[in-house]
Amino acid sequence: MSDYKTKMLIIGSGPAGYTAGIYAVRSGLDPIIISGSQLGGQLTITTEIENFPGFPNPVSGPQLMEDMRQQALNLGVQLIEDQITEVNFQTRPFVCKSENGNTFTADTVIIATGASARWLGLPSEEKFRGFGVSGCATCDGFFYRNRDVAVVGGGNTAVDEAIYLTNFAKSVTLIHRRDELRADKVLQARLFKNPKIKVEWNSVVEEVLGQDTPLGVTGVRLKNTQTGATKDIAVEGLFIAIGHKPNTAIFKDSLKLDAEGYIITHPDSCQTDIAGVFAAGDVQSGHFRQAIMAAGAGCQACLEAEKYLASLE
């Protein structure tokens, strides 16, 4: 158990957190990054990435995050593998306590804890995650060119992803547990008009089917929610689109959150309702969920925090 003091504490080690740290250390702020439960964030469970600038060849999610981590360390960022479990934003400087019993006192805090995809909770889903099972069509859709894929969900995200995947896939099957979608009517109209898309109504995924060598999805077993009957459909990709949840549980009594749990920030800003506390990346907004957007927000949060610190002098 140790006590740490810093001008800037960054909670989270995804693209937003690492970028904030890189900018902060170059400004002489001696930042500390607390990794959180998943060092590198969601990208560590993503396969190849082709849309992050600066990489002419595809880079794996884990490799991209390792490169960001190493860059931050090389510049002098202090990275501590720990998880913040308690925050006090009523005192100044701010005080945060961790799972390992450490106490962090900071003049500014940047929250970059991200969001987590909601999964079905199937062992077979976990087995094939990254090998045919994905939580992001924008990230991985390109790799399913001319293949049959399926999307699970019935809201705007699921319908959006199904439509998006028709740019690459040979066919898209939307799997929904009910007999009508929750998505906006305009999106539904686009979905039903698309000849590449079919819908499996009143159905849930009971098992993800696949092969072990090489590891990969070959189909899904569906169970009808009304009759209990099962059937297998052949697909090479399964996209889970049942929503994301922001990792904000420890902030719910300290900061203003929206109805879905995302941290509310000022317009065109990363500033929260507490001066000196900033939020960046997926924890701030669930609209885009792209690494480049999170990295940009991390930069913005750091620059805003630096300006805040200057105002205290």
# chains A, B, ... in the order shown; residues from 1 in each chain; ligands from 1

call {"tool": "residues_around", "arguments": {"residues": "stretch 222-239 of chain A", "least_positions_apart": "3", "cutoff": "8 Å", "atoms": "only C-alpha atoms", "output": "tab-separated table (two decimals) with C-alpha atoms, in the first residue's frame"}}
result
chain	number	residue	atom	x	y	z
A	132	GLY	CA	-15.55	-15.08	-35.68
A	133	VAL	CA	-17.39	-13.50	-32.76
A	134	SER	CA	-17.16	-9.71	-32.58
A	135	GLY	CA	-18.76	-6.82	-30.74
A	136	CYS	CA	-18.02	-4.21	-33.43
A	137	ALA	CA	-19.08	-4.40	-37.08
A	144	TYR	CA	-16.07	-10.82	-43.75
A	147	ARG	CA	-19.15	-14.31	-46.31
A	148	ASP	CA	-22.38	-15.13	-44.50
A	149	VAL	CA	-22.68	-13.40	-41.13
A	150	ALA	CA	-25.26	-12.89	-38.39
A	151	VAL	CA	-26.07	-10.04	-36.01
A	152	VAL	CA	-27.77	-10.47	-32.62
A	177	ARG	CA	-35.63	-12.69	-29.52
A	178	ARG	CA	-39.00	-10.98	-30.20
A	202	ASN	CA	-38.36	-15.09	-31.89
A	203	SER	CA	-34.91	-16.60	-31.77
A	204	VAL	CA	-31.93	-16.62	-29.43
A	205	VAL	CA	-28.43	-17.99	-29.93
A	206	GLU	CA	-28.10	-21.17	-27.91
A	207	GLU	CA	-24.58	-22.03	-29.05
A	216	GLY	CA	-13.18	-20.21	-36.23
A	217	VAL	CA	-16.96	-19.88	-36.35
A	218	THR	CA	-18.91	-22.04	-38.78
A	219	GLY	CA	-22.47	-21.44	-37.60

call {"tool": "closest_atom_pairs", "arguments": {"of": "stretch 103-144 of chain A", "to": "stretch 1-7 of chain A", "cutoff": "10 Å", "atoms": "only C-alpha atoms", "output": "Markdown table"}}
result
| residue | atom | partner | partner_atom | distance |
| --- | --- | --- | --- | --- |
| A:Thr103 | CA | A:Asp3 | CA | 4.8 |
| A:Phe104 | CA | A:Tyr4 | CA | 4.8 |
| A:Thr105 | CA | A:Lys5 | CA | 4.7 |
| A:Ala106 | CA | A:Thr6 | CA | 4.9 |
| A:Asp107 | CA | A:Lys7 | CA | 4.8 |
| A:Thr108 | CA | A:Lys7 | CA | 6.1 |
| A:Val109 | CA | A:Lys7 | CA | 8.4 |

call {"tool": "write_last_selection", "arguments": {"atoms": "N, CA and C atoms", "output": "mmCIF file, in the first residue's frame"}}
result
data_model
loop_
_atom_site.group_PDB
_atom_site.id
_atom_site.type_symbol
_atom_site.label_atom_id
_atom_site.label_comp_id
_atom_site.auth_asym_id
_atom_site.auth_seq_id
_atom_site.Cartn_x
_atom_site.Cartn_y
_atom_site.Cartn_z
ATOM 1 N N THR A 103 -3.455 4.902 -2.354
ATOM 2 C CA THR A 103 -4.172 6.169 -2.344
ATOM 3 C C THR A 103 -3.494 7.129 -3.314
ATOM 4 N N PHE A 104 -4.303 7.740 -4.174
ATOM 5 C CA PHE A 104 -3.789 8.670 -5.182
ATOM 6 C C PHE A 104 -4.403 10.041 -4.951
ATOM 7 N N THR A 105 -3.553 11.045 -4.758
ATOM 8 C CA THR A 105 -3.993 12.424 -4.574
ATOM 9 C C THR A 105 -3.598 13.197 -5.822
ATOM 10 N N ALA A 106 -4.572 13.850 -6.461
ATOM 11 C CA ALA A 106 -4.310 14.466 -7.766
ATOM 12 C C ALA A 106 -4.985 15.828 -7.885
ATOM 13 N N ASP A 107 -4.299 16.738 -8.570
ATOM 14 C CA ASP A 107 -4.877 18.061 -8.836
ATOM 15 C C ASP A 107 -5.935 17.992 -9.933
ATOM 16 N N THR A 108 -5.753 17.095 -10.875
ATOM 17 C CA THR A 108 -6.748 16.864 -11.919
ATOM 18 C C THR A 108 -6.895 15.367 -12.134
ATOM 19 N N VAL A 109 -8.065 14.979 -12.608
ATOM 20 C CA VAL A 109 -8.333 13.565 -12.905
ATOM 21 C C VAL A 109 -8.950 13.475 -14.300
#

call {"tool": "residues_around", "arguments": {"residues": "stretch 257-271 of chain A", "least_positions_apart": "4", "cutoff": "12 Å", "atoms": "only C-alpha atoms", "output": "ChimeraX atom specification"}}
result
/A:16,20,108-116,243-253,275-287,294,296-308

call {"tool": "write_last_selection", "arguments": {"atoms": "N, CA and C atoms", "output": "short mmCIF file (atom, residue, chain, number, x, y, z; two decimals), in the first residue's frame"}}
result
data_model
loop_
_atom_site.label_atom_id
_atom_site.label_comp_id
_atom_site.auth_asym_id
_atom_site.auth_seq_id
_atom_site.Cartn_x
_atom_site.Cartn_y
_atom_site.Cartn_z
N ALA A 16 -7.76 6.45 -25.09
CA ALA A 16 -7.95 7.77 -24.47
C ALA A 16 -6.96 7.96 -23.33
N ALA A 20 -3.84 10.67 -23.40
CA ALA A 20 -3.79 11.71 -22.37
C ALA A 20 -2.44 11.67 -21.65
N THR A 108 -5.75 17.10 -10.87
CA THR A 108 -6.75 16.86 -11.92
C THR A 108 -6.90 15.37 -12.13
N VAL A 109 -8.06 14.98 -12.61
CA VAL A 109 -8.33 13.57 -12.91
C VAL A 109 -8.95 13.47 -14.30
N ILE A 110 -8.42 12.57 -15.10
CA ILE A 110 -9.03 12.25 -16.41
C ILE A 110 -9.57 10.83 -16.33
N ILE A 111 -10.86 10.70 -16.54
CA ILE A 111 -11.51 9.39 -16.49
C ILE A 111 -11.58 8.84 -17.91
N ALA A 112 -10.94 7.71 -18.13
CA ALA A 112 -10.91 7.08 -19.45
C ALA A 112 -11.15 5.58 -19.30
N THR A 113 -12.18 5.26 -18.52
CA THR A 113 -12.46 3.86 -18.19
C THR A 113 -13.22 3.12 -19.28
N GLY A 114 -13.69 3.85 -20.31
CA GLY A 114 -14.30 3.20 -21.45
C GLY A 114 -15.67 2.58 -21.19
N ALA A 115 -16.05 1.71 -22.09
CA ALA A 115 -17.33 0.99 -21.99
C ALA A 115 -17.08 -0.46 -22.37
N SER A 116 -17.94 -1.32 -21.91
CA SER A 116 -17.81 -2.75 -22.18
C SER A 116 -19.00 -3.24 -22.99
N GLY A 243 -25.81 -3.88 -27.18
CA GLY A 243 -25.52 -2.68 -26.41
C GLY A 243 -24.19 -2.72 -25.68
N HIS A 244 -23.81 -1.58 -25.17
CA HIS A 244 -22.61 -1.41 -24.36
C HIS A 244 -23.00 -0.80 -23.02
N LYS A 245 -22.18 -1.01 -22.04
CA LYS A 245 -22.39 -0.36 -20.74
C LYS A 245 -21.11 0.38 -20.37
N PRO A 246 -21.24 1.68 -20.07
CA PRO A 246 -20.05 2.45 -19.68
C PRO A 246 -19.54 1.98 -18.33
N ASN A 247 -18.23 2.01 -18.17
CA ASN A 247 -17.62 1.57 -16.91
C ASN A 247 -17.59 2.75 -15.94
N THR A 248 -18.75 3.06 -15.39
CA THR A 248 -18.89 4.26 -14.56
C THR A 248 -19.49 3.99 -13.19
N ALA A 249 -19.57 2.74 -12.79
CA ALA A 249 -20.26 2.42 -11.53
C ALA A 249 -19.70 3.19 -10.35
N ILE A 250 -18.37 3.36 -10.29
CA ILE A 250 -17.78 4.01 -9.11
C ILE A 250 -17.98 5.53 -9.13
N PHE A 251 -18.48 6.07 -10.25
CA PHE A 251 -18.66 7.52 -10.35
C PHE A 251 -20.11 7.97 -10.19
N LYS A 252 -21.02 7.01 -10.02
CA LYS A 252 -22.45 7.35 -10.06
C LYS A 252 -22.87 8.30 -8.95
N ASP A 253 -22.16 8.32 -7.82
CA ASP A 253 -22.50 9.23 -6.72
C ASP A 253 -21.64 10.48 -6.71
N ALA A 275 -15.23 20.79 -11.67
CA ALA A 275 -14.06 21.45 -12.25
C ALA A 275 -12.80 20.67 -11.90
N GLY A 276 -12.00 20.39 -12.92
CA GLY A 276 -10.76 19.64 -12.72
C GLY A 276 -10.89 18.15 -12.96
N VAL A 277 -12.12 17.69 -13.15
CA VAL A 277 -12.35 16.27 -13.47
C VAL A 277 -12.86 16.19 -14.91
N PHE A 278 -12.19 15.41 -15.73
CA PHE A 278 -12.50 15.32 -17.15
C PHE A 278 -12.80 13.87 -17.53
N ALA A 279 -13.59 13.69 -18.58
CA ALA A 279 -13.92 12.35 -19.08
C ALA A 279 -13.60 12.30 -20.57
N ALA A 280 -13.01 11.19 -21.00
CA ALA A 280 -12.58 11.08 -22.40
C ALA A 280 -12.84 9.69 -22.94
N GLY A 281 -13.30 9.64 -24.19
CA GLY A 281 -13.48 8.36 -24.86
C GLY A 281 -14.86 7.77 -24.69
N ASP A 282 -14.93 6.45 -24.72
CA ASP A 282 -16.22 5.76 -24.69
C ASP A 282 -16.99 5.96 -23.39
N VAL A 283 -16.31 6.33 -22.33
CA VAL A 283 -16.99 6.58 -21.06
C VAL A 283 -17.81 7.87 -21.11
N GLN A 284 -17.45 8.72 -22.08
CA GLN A 284 -18.09 10.02 -22.24
C GLN A 284 -19.23 9.97 -23.25
N SER A 285 -19.10 9.09 -24.25
CA SER A 285 -20.11 9.01 -25.29
C SER A 285 -20.12 7.62 -25.89
N GLY A 286 -21.33 7.11 -26.14
CA GLY A 286 -21.45 5.79 -26.73
C GLY A 286 -21.77 5.83 -28.21
N HIS A 287 -21.60 7.00 -28.84
CA HIS A 287 -22.05 7.14 -30.22
C HIS A 287 -21.15 6.46 -31.24
N ALA A 294 -11.49 7.98 -29.44
CA ALA A 294 -11.09 7.95 -28.04
C ALA A 294 -9.72 8.61 -27.85
N GLY A 296 -8.38 10.93 -29.72
CA GLY A 296 -8.56 12.38 -29.86
C GLY A 296 -9.13 13.01 -28.61
N ALA A 297 -10.09 12.31 -27.98
CA ALA A 297 -10.69 12.81 -26.76
C ALA A 297 -9.66 12.83 -25.62
N GLY A 298 -8.77 11.85 -25.60
CA GLY A 298 -7.71 11.84 -24.59
C GLY A 298 -6.80 13.03 -24.71
N CYS A 299 -6.48 13.39 -25.95
CA CYS A 299 -5.67 14.59 -26.21
C CYS A 299 -6.42 15.83 -25.73
N GLN A 300 -7.70 15.94 -26.09
CA GLN A 300 -8.49 17.11 -25.70
C GLN A 300 -8.58 17.22 -24.18
N ALA A 301 -8.84 16.11 -23.51
CA ALA A 301 -8.97 16.13 -22.05
C ALA A 301 -7.68 16.61 -21.41
N CYS A 302 -6.53 16.16 -21.93
CA CYS A 302 -5.25 16.58 -21.36
C CYS A 302 -5.04 18.08 -21.55
N LEU A 303 -5.32 18.58 -22.75
CA LEU A 303 -5.12 20.00 -23.02
C LEU A 303 -6.04 20.85 -22.14
N GLU A 304 -7.28 20.39 -21.95
CA GLU A 304 -8.19 21.12 -21.08
C GLU A 304 -7.73 21.07 -19.63
N ALA A 305 -7.22 19.91 -19.20
CA ALA A 305 -6.72 19.77 -17.83
C ALA A 305 -5.50 20.66 -17.61
N GLU A 306 -4.64 20.71 -18.62
CA GLU A 306 -3.45 21.57 -18.52
C GLU A 306 -3.85 23.04 -18.36
N LYS A 307 -4.86 23.46 -19.11
CA LYS A 307 -5.35 24.83 -19.01
C LYS A 307 -5.95 25.08 -17.62
N TYR A 308 -6.65 24.07 -17.11
CA TYR A 308 -7.24 24.19 -15.77
C TYR A 308 -6.14 24.36 -14.73
#

call {"tool": "select_by_dssp", "arguments": {"residues": "stretch 104-208 of chain A", "states": "strand (DSSP E)", "output": "short mmCIF file (atom, residue, chain, number, x, y, z; two decimals) with N, CA and C atoms, in the first residue's frame"}}
result
data_model
loop_
_atom_site.label_atom_id
_atom_site.label_comp_id
_atom_site.auth_asym_id
_atom_site.auth_seq_id
_atom_site.Cartn_x
_atom_site.Cartn_y
_atom_site.Cartn_z
N PHE A 104 -4.30 7.74 -4.17
CA PHE A 104 -3.79 8.67 -5.18
C PHE A 104 -4.40 10.04 -4.95
N THR A 105 -3.55 11.05 -4.76
CA THR A 105 -3.99 12.42 -4.57
C THR A 105 -3.60 13.20 -5.82
N ALA A 106 -4.57 13.85 -6.46
CA ALA A 106 -4.31 14.47 -7.77
C ALA A 106 -4.99 15.83 -7.89
N ASP A 107 -4.30 16.74 -8.57
CA ASP A 107 -4.88 18.06 -8.84
C ASP A 107 -5.94 17.99 -9.93
N THR A 108 -5.75 17.10 -10.87
CA THR A 108 -6.75 16.86 -11.92
C THR A 108 -6.90 15.37 -12.13
N VAL A 109 -8.06 14.98 -12.61
CA VAL A 109 -8.33 13.57 -12.91
C VAL A 109 -8.95 13.47 -14.30
N ILE A 110 -8.42 12.57 -15.10
CA ILE A 110 -9.03 12.25 -16.41
C ILE A 110 -9.57 10.83 -16.33
N ILE A 111 -10.86 10.70 -16.54
CA ILE A 111 -11.51 9.39 -16.49
C ILE A 111 -11.58 8.84 -17.91
N ALA A 115 -16.05 1.71 -22.09
CA ALA A 115 -17.33 0.99 -21.99
C ALA A 115 -17.08 -0.46 -22.37
N SER A 116 -17.94 -1.32 -21.91
CA SER A 116 -17.81 -2.75 -22.18
C SER A 116 -19.00 -3.24 -22.99
N ALA A 117 -18.71 -4.05 -23.99
CA ALA A 117 -19.79 -4.63 -24.78
C ALA A 117 -20.59 -5.60 -23.93
N VAL A 133 -16.43 -14.21 -33.60
CA VAL A 133 -17.39 -13.50 -32.76
C VAL A 133 -16.82 -12.12 -32.46
N SER A 134 -17.62 -11.09 -32.73
CA SER A 134 -17.16 -9.71 -32.58
C SER A 134 -18.24 -8.86 -31.94
N ASP A 148 -21.09 -15.20 -45.18
CA ASP A 148 -22.38 -15.13 -44.50
C ASP A 148 -22.14 -14.80 -43.03
N VAL A 149 -22.86 -13.81 -42.52
CA VAL A 149 -22.68 -13.40 -41.13
C VAL A 149 -24.05 -13.23 -40.47
N ALA A 150 -24.03 -13.11 -39.16
CA ALA A 150 -25.26 -12.89 -38.39
C ALA A 150 -25.03 -11.79 -37.37
N VAL A 151 -26.10 -11.09 -37.03
CA VAL A 151 -26.07 -10.04 -36.01
C VAL A 151 -27.14 -10.35 -34.98
N VAL A 152 -26.80 -10.23 -33.69
CA VAL A 152 -27.77 -10.47 -32.62
C VAL A 152 -28.21 -9.13 -32.04
N SER A 171 -24.32 -12.30 -47.15
CA SER A 171 -25.66 -12.25 -46.56
C SER A 171 -25.54 -11.92 -45.08
N VAL A 172 -26.59 -11.31 -44.54
CA VAL A 172 -26.63 -10.94 -43.12
C VAL A 172 -27.94 -11.45 -42.53
N THR A 173 -27.85 -12.21 -41.46
CA THR A 173 -29.04 -12.68 -40.74
C THR A 173 -29.14 -11.93 -39.42
N LEU A 174 -30.23 -11.23 -39.22
CA LEU A 174 -30.48 -10.54 -37.95
C LEU A 174 -31.27 -11.47 -37.05
N ILE A 175 -30.74 -11.73 -35.87
CA ILE A 175 -31.38 -12.64 -34.92
C ILE A 175 -31.97 -11.82 -33.78
N ILE A 197 -30.42 -8.95 -46.40
CA ILE A 197 -30.72 -9.18 -44.98
C ILE A 197 -31.99 -10.01 -44.82
N LYS A 198 -31.92 -10.98 -43.95
CA LYS A 198 -33.12 -11.71 -43.52
C LYS A 198 -33.15 -11.71 -41.99
N VAL A 199 -34.33 -11.89 -41.44
CA VAL A 199 -34.51 -11.82 -39.99
C VAL A 199 -34.99 -13.17 -39.45
N GLU A 200 -34.36 -13.61 -38.39
CA GLU A 200 -34.81 -14.79 -37.65
C GLU A 200 -35.55 -14.27 -36.41
N SER A 203 -36.03 -15.67 -31.82
CA SER A 203 -34.91 -16.60 -31.77
C SER A 203 -33.77 -16.05 -30.89
N VAL A 204 -33.12 -16.96 -30.20
CA VAL A 204 -31.93 -16.62 -29.43
C VAL A 204 -30.82 -17.58 -29.82
N VAL A 205 -29.58 -17.13 -29.65
CA VAL A 205 -28.43 -17.99 -29.93
C VAL A 205 -28.22 -18.90 -28.73
N GLU A 206 -28.31 -20.19 -28.99
CA GLU A 206 -28.10 -21.17 -27.91
C GLU A 206 -26.65 -21.61 -27.85
N GLU A 207 -25.99 -21.62 -29.01
CA GLU A 207 -24.58 -22.03 -29.05
C GLU A 207 -23.93 -21.50 -30.31
N VAL A 208 -22.68 -21.09 -30.18
CA VAL A 208 -21.88 -20.72 -31.34
C VAL A 208 -21.13 -21.96 -31.80
#

call {"tool": "closest_residue", "arguments": {"among": "A:Gly130, A:Ala189, A:Phe89, A:Ala295", "to": "A:Tyr18", "atoms": "only C-alpha atoms"}}
result
A:Ala295

call {"tool": "atom_distance", "arguments": {"atom1": "atom CA of A:Gly141", "atom2": "atom CA of A:Gln290"}}
result
13.6 Å

call {"tool": "residues_around", "arguments": {"residues": "A:Gly153", "least_positions_apart": "5", "cutoff": "6 Å", "atoms": "only C-alpha atoms", "output": "MDAnalysis selection string"}}
result
chainID A and resid 158 176 241:242

call {"tool": "write_last_selection", "arguments": {"atoms": "N, CA and C atoms", "output": "PDB file, in the first residue's frame"}}
result
ATOM      1  N   ALA A 158     -28.050  -2.792 -33.508  1.00  0.00           N
ATOM      2  CA  ALA A 158     -28.084  -4.041 -34.261  1.00  0.00           C
ATOM      3  C   ALA A 158     -28.492  -3.807 -35.709  1.00  0.00           C
ATOM      4  N   HIS A 176     -33.291 -11.955 -33.591  1.00  0.00           N
ATOM      5  CA  HIS A 176     -33.950 -11.168 -32.557  1.00  0.00           C
ATOM      6  C   HIS A 176     -34.891 -12.039 -31.738  1.00  0.00           C
ATOM      7  N   ALA A 241     -24.707  -7.311 -30.907  1.00  0.00           N
ATOM      8  CA  ALA A 241     -25.072  -5.881 -30.911  1.00  0.00           C
ATOM      9  C   ALA A 241     -26.236  -5.644 -29.957  1.00  0.00           C
ATOM     10  N   ILE A 242     -26.022  -6.031 -28.711  1.00  0.00           N
ATOM     11  CA  ILE A 242     -27.081  -5.864 -27.709  1.00  0.00           C
ATOM     12  C   ILE A 242     -26.731  -4.739 -26.738  1.00  0.00           C
TER      13      ILE A 242
END

call {"tool": "select_by_dssp", "arguments": {"residues": "stretch 12-257 of chain A", "states": "helix (DSSP H, G or I)", "output": "number ranges by chain"}}
result
A: 15-26, 41-45, 61-75, 123-127, 137-144, 156-165, 185-193, 249-251
